[in-house]
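Enquirer: Just dropping this structure here.
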2 protein chains.
Amino acid sequence: MAQSWSFLDICESDFRPLVVIELAKSAKAETIEWFTKRIVDKKAKGGAQLLVKPLLTEKEGENIYLVGASHLRLLLGAETVGLVKECNDNSMRTFTYSSRKTFKGFADDNHDFLTMAECQYIIKHELENLRAKDEKMIPGYPQAKLYPGKSIVRRLLTSGILVQIFPLQDREELKKLCHSWYGRVKVGCQPLDEIRSYFGETIALYFAFLEYFTFALIPMAVIGIPYYVFAWEDFDKYVMFAIFNLLWSTVMLEVWKRICATMTYRWGTLLMKRQFEEPRPGFHGVLGINPITGREEPVYSSIKRQLRIYLVSLPFVCFCLYFSLYVMMIYFDLEEWALDYHEENDSNFSSLMLFVPSIIYAVVIEIMNRIYRYAAEFLTSWENHRLESSYQNHLILKVLVFNFLNCFASLFYIAFVLFDMHLLRQSLATLLITSQILNQLAESLLPYWLQKRYNKRMKKRLCSPKIDKDLSLAEQVNLEKEMGTYCGTFDDYLELFLQFGYVSLFSCVYPLAAVFAVLNNITEIYSDALKMCNVYKRPFAEPTANIGVWQLAFEIMSVISVVTNCILIGMSPQVNALFSDSKMEHILTVALVEHLLLAIKFTITFVIQDKPRDIQIKLAKLEFESLEALKRQQMKLMVESLKE
Amino acid sequence: MAQSWSFLDICESDFRPLVVIELAKSAKAETIEWFTKRIVDKKAKGGAQLLVKPLLTEKEGENIYLVGASHLRLLLGAETVGLVKECNDNSMRTFTYSSRKTFKGFADDNHDFLTMAECQYIIKHELENLRAKDEKMIPGYPQAKLYPGKSIVRRLLTSGILVQIFPLQDREELKKLCHSWYGRVKVGCQPLDEIRSYFGETIALYFAFLEYFTFALIPMAVIGIPYYVFAWEDFDKYVMFAIFNLLWSTVMLEVWKRICATMTYRWGTLLMKRQFEEPRPGFHGVLGINPITGREEPVYSSIKRQLRIYLVSLPFVCFCLYFSLYVMMIYFDLEEWALDYHEENDSNFSSLMLFVPSIIYAVVIEIMNRIYRYAAEFLTSWENHRLESSYQNHLILKVLVFNFLNCFASLFYIAFVLFDMHLLRQSLATLLITSQILNQLAESLLPYWLQKRYNKRMKKRLCSPKIDKDLSLAEQVNLEKEMGTYCGTFDDYLELFLQFGYVSLFSCVYPLAAVFAVLNNITEIYSDALKMCNVYKRPFAEPTANIGVWQLAFEIMSVISVVTNCILIGMSPQVNALFSDSKMEHILTVALVEHLLLAIKFTITFVIQDKPRDIQIKLAKLEFESLEALKRQQMKLMVESLKE
């Protein structure tokens with residue numbers, strides 16, 4: 001096996017491990033040799049031209065490899081993935097190797113030009129784009145079929161030969177980051193640029209949004225406090241609060257787009273061109289010709305997928321929504337029964353019984369949520385989406401609708417069927433506060449505690465007298481490979497989304513919600529940071545320019561909240577008293593005000609530009625330059641042609 | 001002066017006049033010589049490298065020039081403007097001179113590869129991009145300042161030296177087009193591809209939309225007829241009609257996007273890249289550095305413009321809207337007074353007096369419309385927008401809002417303040433039918449009649465015994481240069497937009513509106529076609545990929561119509577009777593239904609894809625190809641770099 005490391009041996013001196021590949025213990029030697037050879041092979045031969053080194057561990061049978069790359073290789077890879085970096089003239093430009101000297105901080109011996117997260121992203125990209133040439137199958141595994149152009153890593157993953165690929169932590173950097181992020185008590189912002197250069201744009205953007213959202217909630221919380229303290233119940237004060245709330249949430253969501261654009265421009269992802277999306281790993285179908293690429297690859301009829309979506313998934317989701325509503329009705333019946341029971345036999349036991357329906361309902365909701373989540377994932381996977389983005393969108397849509405109903409259906413029922421504002425306020429407070437506490441516990445503290453315990457056990461086992469560099473690397477890899485995998489920002493955004501719902505949907509009934517949201521988010525920042533740094537293994541950086549579908553979700557929630565608040569105020573006894581003589585006028589006025597508010601909202605959305613003016617100018621400048629370059633090229637051609 | 005035609009003389013043999021330039025009679029000889037020299041000059045010298053020929057007319061002092069270009073020059077120009085043509089493999093691609101052989105119908109001697117409209121568009125583009133080099137002013141006119149990069153033609157136009165530039169008609173083509181368009185009575189579609197190749201995409205798209213809209217109204221008209229014939233007044237039937245109307249108009253607007261995409265893909269404009277927009281002719285400011293181009297050009301502070309918009313234009317528009325409402329209230333007072341008068345003295349005179357308020361109101365509205373239109377144009381021009389597109393958007397917005405109010409305010413007042421459904425139906429019918437008749441008269445028949453008279457007079461005057469080719473050209477130019485200029489599709493779209501409002505806003509009250517709309521549109525197609533072919537001079541082709549802001553305007557109208565119809569039905573006596581016991585429930589139900597319908601509407605909009613699947617695949621294919629080409633280039637570079 002030794003001869004296949006030839007390329008590696010030459011470069012051993014400057015080998016810096018970046019990415020860990022863990023192969024199954026049962027992986028055949030011939031497969032491993034073929035795979036590592038493909039990784040090391042020259043580009044011209046169809047390889048990835050990276051460096052590979054086996055990790056020597058004490059445990060027998062483990063197949064762990066470290067992947068790195070030469071500095072030159074990484075720079076060329078940066079061009080391939082379309083990285084955007086800052087130039088000497090402070091503008092952001094797509095990095096190309098030939099223009100490398102014009103970039104800020106570039107020097108041939110400066111190995112810090114690319115951050116470690118960028119290098120790891122490049123290596124991941126190169127590994128995923130390692131494609132089969134004329135192999136019909138993975139050597140040693142005849143059942144793992146390949147066809148020309150199929151990503152080898154994806155096939156290895158789906159057939160279980162490859163257990164995982166993950167980027168190595170940079171212990172020193174991580175320590176620094178932890179310290180400046182949550183290590184000291186401080187007032188102020190998170191070190192977003194550092195988070196971005198360590199964890200990548202997707203995660204940094206989540207934390208930026210969390211921070212922004214928290215700051216944005218503060219005015220609402222501040223205005224909400226006197227309503228609680230002075231027990232303001234006046235109709236006009238609630239109207240004021242609701243209108244302020246509406247305008248504020250609209251402006252807030254629009255301003256976020258601008259902040260996001262400024263930030264991602266600085267990070268270079270705003271300018272990054274979308275890469276052509278390859279099929280997601282789970283996609284399957286019969287071999288056919290892709291009409292877009294003209295290549296042979298699995299194809300799956302779009303009509304079949306549509307049929308699956310509309311004839312199976314949609315009815316299933318509808319049934320689940322119906323079932324969830326049904327469970328809610330049972331809960332209200334139980335609640336009533338408990339109340340009756342308590343009134344009949346007023347005892348300690350009966351007052352305890354009062355809590356039983358809520359507890360049962362909370363538990364049932366949680367169980368339903370879990371089951372539904374699995375079902376949604378299964379169904380979306382069964383829908384067989386070709387692209388990861390399309391899979392994600394369908395999954396998010398399914399989960400979002402169900403969670404929305406689960407969280408808010410009972411509140412809607414109380415508000416618009418029972419018309420019980422007092423109960424609404426009470427339920428809202430209970431739901432908001434308990435969900436926040438449960439989330440904090442389940443999401444961060446529990447995994448943190450488990451991880452701590454595991455780490456201690458591991459350290460004890462590995463604690464050997466020789467503490468040279470190589471072993472400490474092995475130790476690190478062994479520690480990290482057992483850590484949980486961060487499953488993306490989905491759950492974190494979902495939590496924020498539901499919180500936004502609690503704050504805005506019934507804001508005119510319970511202005512204090514914003515206060516709880518702010519308090520929760522401050523601890524959320526710290527607990528999420530802790531989770532990212534200590535609980536999970538480092539995730540690969542994912543370049544992204546915005547928070548994607550969540551922006552839309554928040555905007556829709558803010559539209560719904562205009563409607564609910566208008567109806568709540570319109571139904572209030574004070575408004576009813578105002579229009580006691582004319583029913584018609586009442587309807588018309590409420591409808592008019594609501595639509596006026598919606599019109600104002602959409603006008604604000606339209607008037608506030610999505611990108612700040614300086615970013616717009618910078619983007620226009622880049623576009624102009626490329627158009628000019630094209631024109632110059634055409635002009636040269638034209639002058640030559642006309643000379644002939 | 002003769003020596004400046006040297007370049008022309010060589011190519012005289014294949015000179016085909018395409019565009020006419022009319023200079024002021026008072027234009028100085030040195031200016032004309034300089035201008036024509038710049039047009040004829042080589043590209044390398046900063047000229048346009050086109051061909052120019054003076055038109056010899058009988059009248060003394062007229063400065064009319066014909067502009068043409070060699071076949072090669074036109075092909076190179078097609079590349080400059082980014083024309084998209086069909087390739088031999090049936091895909092659409094951006095034309096480049098070097099890849100010319102791969103395009104369908106291309107042959108070096110085939111001068112029909114580019115349509116005449118395309119050639120004229122290229123020449124217009126080249127003329128407009130003829131830019132000042134180091135001239136400080138236009139020779140002979142020291143007050144007409146120039147700076148490097150300023151478009152010469154635009155400066156000549158604004159200083160009145162250049163009277164007009166217009167493309168020549170192709171008499172034979174026009175005759176053919178007229179025949180197949182409206183020459184014979186036929187059932188079926190318009191020859192859209194022919195219209196497009198003669199008048200360009202913007203106009204063809206208007207006619208396509210007009211035709212599509214007419215066809216789309218037919219189902220509504222067919223369903224609306226029995227309501228009139230059987231005098232259906234049942235509540236449930238109106239609900240059915242309103243819901244059908246809502247779904248239909250949503251689907252219709254979405255399907256139009258698909259049809260439009262298919263059409264503009266075939267025409268190549270869907271793929272055409274947006275060119276960098278130059279300042280519009282009327283734009284002025286102090287010389288400064290454009291932050292985007294880095295060139296010296298007039299700049300005008302965006303803050304000043306915003307101040308003008310929000311502090312002057314916006315209050316003015318609001319005042320006009322208020323004034324228009326005030327006039328409407330006076331009209332209703334007058335109406336009431338006339339009714340009272342008629343009841344008091346029942347005579348022939350008094351019954352005649354009943355019509356007086358309506359007539360006065362109609363006249364006043366028309367006058368206000370005209371004055372407002374001038375004011376809007378003046379204000380928008382005074383706002384000093386840098387780009388033509390931004391100017392157009394602001395103008396359209398101003399005019400649209402005012403026209404909407406003028407047309408529909410009285411109907412809204414009758415419906416939601418007077419609650420008089422009978423009067424609403426009557427007013428709607430009167431307004432719709434009279435506006436249609438007036439429009440048809442004012443827009444088409446009157447100009448046609450005037451043009452006919454003028455043509456006869458001209459022909460009589462020009463009728464000379466010698467009818468050789470050159471004179472017939474001079475005759476043609478003289479005829480065409482006096483014809484009216486087509487001011488764009490704005491008024492035509494506006495008319496359709498208002499008609500759509502009449503049909504959909506109160507559709508549940510007056511289902512017959514669609515029938516009148518269909519009848520009007522059928523004659524509208526013919527009268528507009530007549531107008532395009534006979535009344536106006538040929539307009540320059542304007543490539544466009546969609547109907548732009550009008551799509552949005554129609555969509556907003558369709559959202560408003562959901563709201564109005566819901567309220568109308570919600571207020572109807574039948575619905576009132578249903579909820580006689582609970583006011584609260586009534587409000588909630590109406591609001592719920594309305595929002596449900598709006599939600600359905602937005603879902604439909606979201607589910608129906610804007611582009612048909614085959615167009616999506618074709619676009620994705622092109623994008624994939626360009627990404628692949630980039631990748632191949634990078635790969636080559638990488639292999640070379642790694643070899644070193």
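Chain labels follow the order of the structure tokens: the first chain is A, the next B, and so on; residue numbering restarts at 1 in every chain, and ligands are counted from 1 in their shown order.
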Would you please extract all strand (DSSP E or B) residues from range 280-325 of chain B, as assigned by DSSP on the backbone, and give them as a ChimeraX atom specification?

Expert: /B:286-289,296-299

Enquirer: Include C-alpha atoms and write out the residues we just selected as a CSV table (one decimal), in the first residue's frame.

Expert:
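Saved file part.csv follows:
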```csv
chain,number,residue,atom,x,y,z
B,286,VAL,CA,-23.4,69.9,-12.5
B,287,LEU,CA,-20.4,68.1,-14.0
B,288,GLY,CA,-19.0,65.6,-11.5
B,289,ILE,CA,-17.7,62.0,-11.3
B,296,GLU,CA,-17.1,62.9,-15.8
B,297,GLU,CA,-20.8,63.5,-16.4
B,298,PRO,CA,-23.6,65.6,-15.0
B,299,VAL,CA,-24.5,64.4,-11.5
```

Enquirer: Give the residues of chain A that lie within 6 Å of chain B; count only C-alpha atoms, and format the answer as JSON, numbers by chain.

Expert: {"A": [292, 587, 617, 621]}

Enquirer: Pick from A:Leu270, A:Ile604, A:Val52, A:Val229: nearest to Ala545 in chain A, with only C-alpha atoms counted?

Expert: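 Nearest to Ala545 in chain A: A:Leu270.
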
Enquirer: Identify, with DSSP run on backbone atoms, the residues in range 57-295 of chain B assigned to helix (DSSP H, G or I), and express the list as a VMD selection string.

Expert: chain B and resid 71 to 81 100 to 102 116 to 128 152 to 158 171 to 183 192 to 199 201 to 229 235 to 267

Enquirer: Please produce a file of the residues just selected, as a tab-separated table (two decimals), in the first residue's frame, where the atoms kept are C-alpha atoms.

Expert:
```tsv
chain	number	residue	atom	x	y	z
B	71	HIS	CA	-23.93	44.26	-44.07
B	72	LEU	CA	-20.75	43.52	-42.11
B	73	ARG	CA	-21.20	46.64	-40.00
B	74	LEU	CA	-24.75	45.59	-39.13
B	75	LEU	CA	-23.63	42.11	-38.09
B	76	LEU	CA	-20.99	43.58	-35.80
B	77	GLY	CA	-23.57	46.00	-34.46
B	78	ALA	CA	-25.90	43.08	-33.74
B	79	GLU	CA	-23.18	41.71	-31.49
B	80	THR	CA	-22.76	45.08	-29.77
B	81	VAL	CA	-26.45	45.43	-28.92
B	100	ARG	CA	-22.06	33.60	-37.02
B	101	LYS	CA	-21.95	30.39	-39.02
B	102	THR	CA	-23.79	28.46	-36.32
B	116	MET	CA	-35.16	45.59	-41.11
B	117	ALA	CA	-36.44	46.53	-37.64
B	118	GLU	CA	-33.33	44.96	-36.10
B	119	CYS	CA	-31.07	46.85	-38.49
B	120	GLN	CA	-32.81	50.09	-37.61
B	121	TYR	CA	-32.50	49.34	-33.91
B	122	ILE	CA	-28.78	48.71	-34.36
B	123	ILE	CA	-28.35	52.00	-36.22
B	124	LYS	CA	-30.29	53.88	-33.56
B	125	HIS	CA	-28.12	52.31	-30.88
B	126	GLU	CA	-24.93	53.22	-32.74
B	127	LEU	CA	-26.10	56.78	-33.33
B	128	GLU	CA	-27.07	57.24	-29.70
B	152	ILE	CA	-23.80	63.66	-29.44
B	153	VAL	CA	-27.25	62.81	-30.77
B	154	ARG	CA	-28.86	63.52	-27.40
B	155	ARG	CA	-27.16	66.90	-27.14
B	156	LEU	CA	-28.20	67.74	-30.74
B	157	LEU	CA	-31.78	66.78	-29.89
B	158	THR	CA	-31.94	68.80	-26.67
B	171	ARG	CA	-43.82	49.85	-47.98
B	172	GLU	CA	-44.01	46.32	-49.32
B	173	GLU	CA	-43.64	44.64	-45.96
B	174	LEU	CA	-46.14	47.01	-44.44
B	175	LYS	CA	-48.67	46.17	-47.11
B	176	LYS	CA	-48.22	42.45	-46.48
B	177	LEU	CA	-48.47	42.99	-42.74
B	178	CYS	CA	-51.61	45.12	-43.05
B	179	HIS	CA	-53.22	42.46	-45.18
B	180	SER	CA	-52.54	39.57	-42.83
B	181	TRP	CA	-53.27	41.70	-39.73
B	182	TYR	CA	-56.57	43.36	-40.47
B	183	GLY	CA	-56.95	43.37	-44.23
B	192	LEU	CA	-47.62	38.37	-33.87
B	193	ASP	CA	-44.28	37.22	-35.26
B	194	GLU	CA	-44.72	39.46	-38.28
B	195	ILE	CA	-45.76	42.39	-36.10
B	196	ARG	CA	-42.71	41.79	-34.00
B	197	SER	CA	-40.34	41.70	-36.93
B	198	TYR	CA	-41.82	44.91	-38.31
B	199	PHE	CA	-42.55	46.99	-35.19
B	201	GLU	CA	-41.04	43.48	-29.37
B	202	THR	CA	-42.65	46.19	-27.23
B	203	ILE	CA	-45.48	46.79	-29.66
B	204	ALA	CA	-45.88	43.13	-30.56
B	205	LEU	CA	-46.12	42.34	-26.87
B	206	TYR	CA	-48.86	44.92	-26.41
B	207	PHE	CA	-50.90	43.38	-29.20
B	208	ALA	CA	-50.21	39.91	-27.85
B	209	PHE	CA	-51.44	41.02	-24.44
B	210	LEU	CA	-54.49	42.70	-25.91
B	211	GLU	CA	-55.37	39.54	-27.80
B	212	TYR	CA	-54.68	37.29	-24.81
B	213	PHE	CA	-56.70	39.53	-22.53
B	214	THR	CA	-59.63	39.49	-24.95
B	215	PHE	CA	-59.59	35.70	-25.19
B	216	ALA	CA	-59.29	35.47	-21.42
B	217	LEU	CA	-62.36	37.66	-20.96
B	218	ILE	CA	-64.53	35.45	-23.15
B	219	PRO	CA	-65.29	32.81	-20.47
B	220	MET	CA	-66.24	35.61	-18.08
B	221	ALA	CA	-68.45	37.18	-20.72
B	222	VAL	CA	-70.10	33.86	-21.55
B	223	ILE	CA	-70.85	33.17	-17.90
B	224	GLY	CA	-72.02	36.74	-17.40
B	225	ILE	CA	-74.65	36.68	-20.17
B	226	PRO	CA	-77.22	34.42	-18.40
B	227	TYR	CA	-77.07	36.73	-15.38
B	228	TYR	CA	-78.36	39.49	-17.63
B	229	VAL	CA	-80.73	37.37	-19.73
B	235	PHE	CA	-76.99	35.73	-3.72
B	236	ASP	CA	-75.38	32.31	-4.23
B	237	LYS	CA	-75.09	32.80	-8.00
B	238	TYR	CA	-73.28	36.10	-7.47
B	239	VAL	CA	-70.92	34.47	-5.00
B	240	MET	CA	-70.20	31.78	-7.57
B	241	PHE	CA	-69.52	34.38	-10.22
B	242	ALA	CA	-67.27	36.43	-7.93
B	243	ILE	CA	-65.23	33.38	-6.92
B	244	PHE	CA	-64.92	32.23	-10.51
B	245	ASN	CA	-63.85	35.74	-11.42
B	246	LEU	CA	-61.18	35.85	-8.76
B	247	LEU	CA	-59.68	32.48	-9.64
B	248	TRP	CA	-59.89	33.20	-13.32
B	249	SER	CA	-58.20	36.58	-13.18
B	250	THR	CA	-55.40	35.16	-11.02
B	251	VAL	CA	-54.79	32.20	-13.28
B	252	MET	CA	-55.06	34.43	-16.34
B	253	LEU	CA	-52.38	36.84	-15.14
B	254	GLU	CA	-50.06	33.98	-14.21
B	255	VAL	CA	-50.55	32.15	-17.48
B	256	TRP	CA	-49.80	35.37	-19.33
B	257	LYS	CA	-46.33	35.38	-17.78
B	258	ARG	CA	-45.75	31.90	-19.18
B	259	ILE	CA	-47.05	32.80	-22.62
B	260	CYS	CA	-44.98	35.95	-22.56
B	261	ALA	CA	-41.86	33.99	-21.61
B	262	THR	CA	-42.42	31.49	-24.41
B	263	MET	CA	-42.93	34.29	-26.91
B	264	THR	CA	-39.99	36.41	-25.85
B	265	TYR	CA	-37.77	33.34	-25.75
B	266	ARG	CA	-38.64	32.73	-29.39
B	267	TRP	CA	-37.99	36.40	-30.13
```

Enquirer: Just how far from CA of Phe579 in chain B is CA of Asp420 in chain A, in Å to one decimal?

Expert: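 Separation of CA of Asp420 in chain A and CA of Phe579 in chain B: 20.8 Å.
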
Enquirer: Env of range 399-410 of chain A: 8 Å cut, atoms = only C-alpha atoms, seq-sep filter 5 positions within chain, self excluded. Answer as a VMD selection string.

Expert: chain A and resid 317 320 to 321 324 to 325 328 365 369 372 to 373 376 494 498

Enquirer: With N, CA, C and O atoms retained, export the selected residues as a PDB file, in the first residue's frame.

Expert:
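Once written, result.pdb looks like this:
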```pdb
ATOM      1  N   VAL A 317     -50.286  15.961   4.854  1.00  0.00           N
ATOM      2  CA  VAL A 317     -50.099  17.174   5.659  1.00  0.00           C
ATOM      3  C   VAL A 317     -51.457  17.694   6.120  1.00  0.00           C
ATOM      4  O   VAL A 317     -51.639  18.048   7.285  1.00  0.00           O
ATOM      5  N   CYS A 320     -52.714  15.629   8.897  1.00  0.00           N
ATOM      6  CA  CYS A 320     -52.016  15.915  10.147  1.00  0.00           C
ATOM      7  C   CYS A 320     -52.519  17.207  10.752  1.00  0.00           C
ATOM      8  O   CYS A 320     -52.704  17.306  11.971  1.00  0.00           O
ATOM      9  N   LEU A 321     -52.748  18.213   9.884  1.00  0.00           N
ATOM     10  CA  LEU A 321     -53.252  19.482  10.390  1.00  0.00           C
ATOM     11  C   LEU A 321     -54.622  19.276  11.022  1.00  0.00           C
ATOM     12  O   LEU A 321     -54.910  19.783  12.108  1.00  0.00           O
ATOM     13  N   SER A 324     -54.273  17.478  14.283  1.00  0.00           N
ATOM     14  CA  SER A 324     -53.762  18.395  15.302  1.00  0.00           C
ATOM     15  C   SER A 324     -54.891  19.268  15.839  1.00  0.00           C
ATOM     16  O   SER A 324     -54.998  19.501  17.051  1.00  0.00           O
ATOM     17  N   LEU A 325     -55.758  19.733  14.932  1.00  0.00           N
ATOM     18  CA  LEU A 325     -56.906  20.533  15.368  1.00  0.00           C
ATOM     19  C   LEU A 325     -57.844  19.702  16.228  1.00  0.00           C
ATOM     20  O   LEU A 325     -58.388  20.171  17.222  1.00  0.00           O
ATOM     21  N   MET A 328     -56.559  19.358  19.589  1.00  0.00           N
ATOM     22  CA  MET A 328     -56.766  20.623  20.289  1.00  0.00           C
ATOM     23  C   MET A 328     -58.184  20.696  20.859  1.00  0.00           C
ATOM     24  O   MET A 328     -58.382  21.120  21.999  1.00  0.00           O
ATOM     25  N   ILE A 365     -48.505  17.313  22.056  1.00  0.00           N
ATOM     26  CA  ILE A 365     -48.003  18.194  20.991  1.00  0.00           C
ATOM     27  C   ILE A 365     -46.550  17.864  20.691  1.00  0.00           C
ATOM     28  O   ILE A 365     -46.135  17.764  19.528  1.00  0.00           O
ATOM     29  N   ASN A 369     -45.225  16.527  17.224  1.00  0.00           N
ATOM     30  CA  ASN A 369     -44.194  17.290  16.516  1.00  0.00           C
ATOM     31  C   ASN A 369     -43.065  16.395  16.050  1.00  0.00           C
ATOM     32  O   ASN A 369     -42.625  16.459  14.900  1.00  0.00           O
ATOM     33  N   TYR A 372     -44.312  13.907  13.421  1.00  0.00           N
ATOM     34  CA  TYR A 372     -44.558  14.618  12.161  1.00  0.00           C
ATOM     35  C   TYR A 372     -43.244  14.979  11.475  1.00  0.00           C
ATOM     36  O   TYR A 372     -43.113  14.862  10.263  1.00  0.00           O
ATOM     37  N   ARG A 373     -42.257  15.382  12.273  1.00  0.00           N
ATOM     38  CA  ARG A 373     -40.968  15.762  11.708  1.00  0.00           C
ATOM     39  C   ARG A 373     -40.350  14.586  10.955  1.00  0.00           C
ATOM     40  O   ARG A 373     -39.871  14.737   9.824  1.00  0.00           O
ATOM     41  N   ALA A 376     -42.352  14.006   7.841  1.00  0.00           N
ATOM     42  CA  ALA A 376     -42.090  15.029   6.833  1.00  0.00           C
ATOM     43  C   ALA A 376     -40.765  14.755   6.136  1.00  0.00           C
ATOM     44  O   ALA A 376     -40.656  14.846   4.906  1.00  0.00           O
ATOM     45  N   LEU A 494     -36.450  28.185  13.275  1.00  0.00           N
ATOM     46  CA  LEU A 494     -37.839  27.836  13.571  1.00  0.00           C
ATOM     47  C   LEU A 494     -38.246  28.388  14.933  1.00  0.00           C
ATOM     48  O   LEU A 494     -39.338  28.954  15.099  1.00  0.00           O
ATOM     49  N   LEU A 498     -41.247  31.075  15.589  1.00  0.00           N
ATOM     50  CA  LEU A 498     -42.396  30.882  16.468  1.00  0.00           C
ATOM     51  C   LEU A 498     -42.434  31.973  17.539  1.00  0.00           C
ATOM     52  O   LEU A 498     -43.497  32.486  17.890  1.00  0.00           O
TER      53      LEU A 498
END
```

Enquirer: Excluding Phe166 in chain A and its own-chain neighbours fewer than 2 positions away, which residues fall within 8 Å of it when counting only C-alpha atoms? Please give them as a list in words.

Expert: Val19, Val20, Ile21, Gln164, Leu168, Lys481, Lys537, Arg538, Pro539 and Phe540 of chain A

Enquirer: If you keep C-alpha atoms, can you produce a file of those selected residues as a CSV table (one decimal), in the first residue's frame?

Expert:
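Okay, again.csv is ready:
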```csv
chain,number,residue,atom,x,y,z
A,19,VAL,CA,-10.3,17.7,6.8
A,20,VAL,CA,-10.9,14.2,8.4
A,21,ILE,CA,-12.2,11.3,6.4
A,164,GLN,CA,-18.2,10.9,7.6
A,168,LEU,CA,-10.8,19.7,12.0
A,481,LYS,CA,-15.3,12.4,15.5
A,537,LYS,CA,-18.1,19.0,15.7
A,538,ARG,CA,-17.1,21.9,13.5
A,539,PRO,CA,-19.4,22.2,10.5
A,540,PHE,CA,-18.2,22.9,7.0
```

Enquirer: Have a look at CA of Gly149 in chain A and CA of Lys133 in chain A and let me know their distance in Å, one decimal.

Expert: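 Between CA of Gly149 in chain A and CA of Lys133 in chain A the gap works out to 6.4 Å.
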
Enquirer: In Å to one decimal, how far is CA of Lys531 in chain B from CA of Gly488 in chain B?

Expert: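 Going from CA of Gly488 in chain B over to CA of Lys531 in chain B covers 12.3 Å.
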
Enquirer: Find the residue from A:Leu519, A:Leu568, A:Leu51, A:Leu512 that sits nearest to Trp232 in chain A; use only C-alpha atoms when measuring.

Expert: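 For Trp232 in chain A, the nearest of the given residues is A:Leu512.
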
Enquirer: From the set A:Cys318, A:Leu397, A:Ala474, A:Ala553, which residue has the shortest atom-to-atom contact distance to Pro54 in chain A, counting only C-alpha atoms?

Expert: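 So, comparing all the options, the nearest one is A:Ala474.
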
Enquirer: Would you list the contacts of Phe15 in chain B as a PDB file with C-alpha atoms, in the first residue's frame, taking every protein, DNA or RNA residue within 8 Å and counting only C-alpha atoms, but skipping same-chain residues closer than 4 positions in sequence?

Expert:
```
ATOM      1  CA  CYS B  11     -20.277  51.833 -50.944  1.00  0.00           C
ATOM      2  CA  LEU B  51     -23.269  55.297 -44.259  1.00  0.00           C
ATOM      3  CA  GLY B  68     -27.584  53.001 -43.732  1.00  0.00           C
ATOM      4  CA  ALA B  69     -24.782  50.581 -43.016  1.00  0.00           C
ATOM      5  CA  SER B  70     -22.850  47.840 -44.713  1.00  0.00           C
TER       6      SER B  70
END
```
